[in-house]
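Novice: Please see the structure below; I have some questions.
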Amino acid sequence: MPRRSSEAHRQFSVKPAAKDAAALIPPSPTLATLQQAARSCKACDLWKLGTQTVFGEGPARARVMFVGEQPGDSEDKAGHPFIGPAGRLLDEVLAEVGIDRAEVYVTNVVKHFKWVAAQRGKRRIHKKPRHSEIEACRPWLDAELQVVMPEVLVCLGASAAQALLGKDFRVTRDHGTLMKSDLVPYVTGTTHPASILRAPDPEAREQQRKDFVRDLKKVSELIRRERKASAA
Ligand code: URA
């Protein structure tokens, strides 16, 4: 992934939600009541495709929240986010930069798996969610943010970054920039681990992985500093 140049100081503000699942959000929500309410969400048509709603998971007071695009095939079957190949790569890199997966909250901008059947065989092929599906699901993410109140929000990949930070965000150009925001103290965007796994050749994969490690190291250093500051 090329490094950013003179555009590194570009600022992004977190965009508000539009038409959606807002009516389903329980009063004074907790993660447990949100997860329960989201099980029957029909705010867009993706509930017809997915096996189940895959809600976010992690401690209610996590300092870091990771937001991906949508659950994949394994997540859809198991009902847990980031447990398939992309999740395993995320775990590996988190361990490498000194972030404990058990201390972070992981979720997606869309909570149902969107897929099309492979032309041959039984495979379900991931399909990118539409803007309207992301917007319909957005109240769940806003509610998760309100409950967890992370110090850092990490958008994994273009779908999450553009949903939260606007269409001008380019992962290739803007990845790893830690920005202050009014929704959470810091927000950043980086590559999606699934796109590292899909890299066209081993060199590209290695380079993307290195960039991913570098971006998450910044997050790790930031939370270490914040932890020290709050203990002082
Ligand atoms: N990709 C995502 O964006 N989210 C998951 O939960 C798994 C794979």
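Residue numbers start at 1 in each chain; chains themselves are named A, B, ... in the order of the structure tokens; ligands are numbered from 1 in the order shown.
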Counting only C-alpha atoms and all ligand atoms, name the residues that have an atom within 12 Å of an atom of ligand 1; the answer should be given as a ChimeraX atom specification.

Specialist: /A:53-57,66-91,105-114,126-129,155-161,191-197

Novice: Could you pull out the helix (DSSP H, G or I) residues of region 2-232 of chain A from DSSP and send them as a PyMOL selection string?

Specialist: chain A and resi 6-9+22-24+31-38+45-48+73-78+85-97+101-103+131-148+157-165+171-174+193-197+202-231

Novice: Find the residues near region 203-218 of chain A: any atom within 10 Å, counting only C-alpha atoms, skip ones fewer than 3 places away on the same chain, and give them as a PyMOL selection string.

Specialist: chain A and resi 1-3+89-90+92-94+96-99+154+156+172+175-178+188-193+195-200+221-224

Novice: Interatomic distance between CA of Arg39 (chain A) and CA of Ala23 (chain A)?

Specialist: 13.9 Å

Novice: I'd like the neighbourhood of Glu226 (chain A) as number ranges by chain, where a residue qualifies if any of its atoms comes within 12 Å (using only C-alpha atoms), though same-chain residues fewer than 2 positions away should be ignored.

Specialist: A: 63-64, 150-152, 185-186, 219-224, 228-232

Novice: Could you turn the residues from that selection into a file that holds N, CA and C atoms, as an mmCIF file, in the first residue's frame?

Specialist:
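Writing the result to out-v7.cif gives the following:
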```
data_model
loop_
_atom_site.group_PDB
_atom_site.id
_atom_site.type_symbol
_atom_site.label_atom_id
_atom_site.label_comp_id
_atom_site.auth_asym_id
_atom_site.auth_seq_id
_atom_site.Cartn_x
_atom_site.Cartn_y
_atom_site.Cartn_z
ATOM 1 N N ARG A 63 -11.329 -0.178 25.134
ATOM 2 C CA ARG A 63 -10.725 1.096 24.714
ATOM 3 C C ARG A 63 -10.658 1.215 23.194
ATOM 4 N N VAL A 64 -10.669 0.061 22.524
ATOM 5 C CA VAL A 64 -10.567 0.085 21.062
ATOM 6 C C VAL A 64 -11.741 -0.673 20.450
ATOM 7 N N PRO A 150 -15.509 3.749 23.109
ATOM 8 C CA PRO A 150 -14.073 3.450 22.976
ATOM 9 C C PRO A 150 -13.259 4.732 22.849
ATOM 10 N N GLU A 151 -11.983 4.622 23.127
ATOM 11 C CA GLU A 151 -11.106 5.780 22.902
ATOM 12 C C GLU A 151 -10.671 5.846 21.449
ATOM 13 N N VAL A 152 -10.566 4.682 20.825
ATOM 14 C CA VAL A 152 -10.154 4.649 19.421
ATOM 15 C C VAL A 152 -11.105 3.763 18.623
ATOM 16 N N PRO A 185 -12.826 9.849 20.816
ATOM 17 C CA PRO A 185 -11.633 10.710 20.845
ATOM 18 C C PRO A 185 -10.745 10.568 19.602
ATOM 19 N N TYR A 186 -10.539 9.311 19.146
ATOM 20 C CA TYR A 186 -9.687 9.103 17.963
ATOM 21 C C TYR A 186 -10.337 8.108 17.015
ATOM 22 N N VAL A 219 -2.040 2.450 16.969
ATOM 23 C CA VAL A 219 -3.195 2.330 17.866
ATOM 24 C C VAL A 219 -2.735 1.779 19.209
ATOM 25 N N SER A 220 -1.874 0.777 19.150
ATOM 26 C CA SER A 220 -1.365 0.153 20.364
ATOM 27 C C SER A 220 -0.600 1.178 21.217
ATOM 28 N N GLU A 221 0.249 1.984 20.553
ATOM 29 C CA GLU A 221 1.017 2.996 21.303
ATOM 30 C C GLU A 221 0.094 4.045 21.906
ATOM 31 N N LEU A 222 -0.924 4.417 21.136
ATOM 32 C CA LEU A 222 -1.866 5.427 21.633
ATOM 33 C C LEU A 222 -2.578 4.918 22.886
ATOM 34 N N ILE A 223 -3.081 3.672 22.844
ATOM 35 C CA ILE A 223 -3.822 3.214 24.025
ATOM 36 C C ILE A 223 -2.894 2.991 25.222
ATOM 37 N N ARG A 224 -1.646 2.657 24.948
ATOM 38 C CA ARG A 224 -0.683 2.516 26.042
ATOM 39 C C ARG A 224 -0.479 3.879 26.717
ATOM 40 N N LYS A 228 -1.596 4.947 30.539
ATOM 41 C CA LYS A 228 -0.649 5.546 31.490
ATOM 42 C C LYS A 228 -1.210 6.848 32.025
ATOM 43 N N ALA A 229 -1.748 7.674 31.116
ATOM 44 C CA ALA A 229 -2.272 8.984 31.514
ATOM 45 C C ALA A 229 -3.430 8.812 32.480
ATOM 46 N N SER A 230 -4.297 7.810 32.246
ATOM 47 C CA SER A 230 -5.444 7.683 33.156
ATOM 48 C C SER A 230 -5.041 7.024 34.479
ATOM 49 N N ALA A 231 -3.878 6.335 34.499
ATOM 50 C CA ALA A 231 -3.420 5.735 35.766
ATOM 51 C C ALA A 231 -2.653 6.761 36.607
ATOM 52 N N ALA A 232 -2.169 7.825 35.954
ATOM 53 C CA ALA A 232 -1.330 8.814 36.667
ATOM 54 C C ALA A 232 -2.145 9.690 37.617
#
```
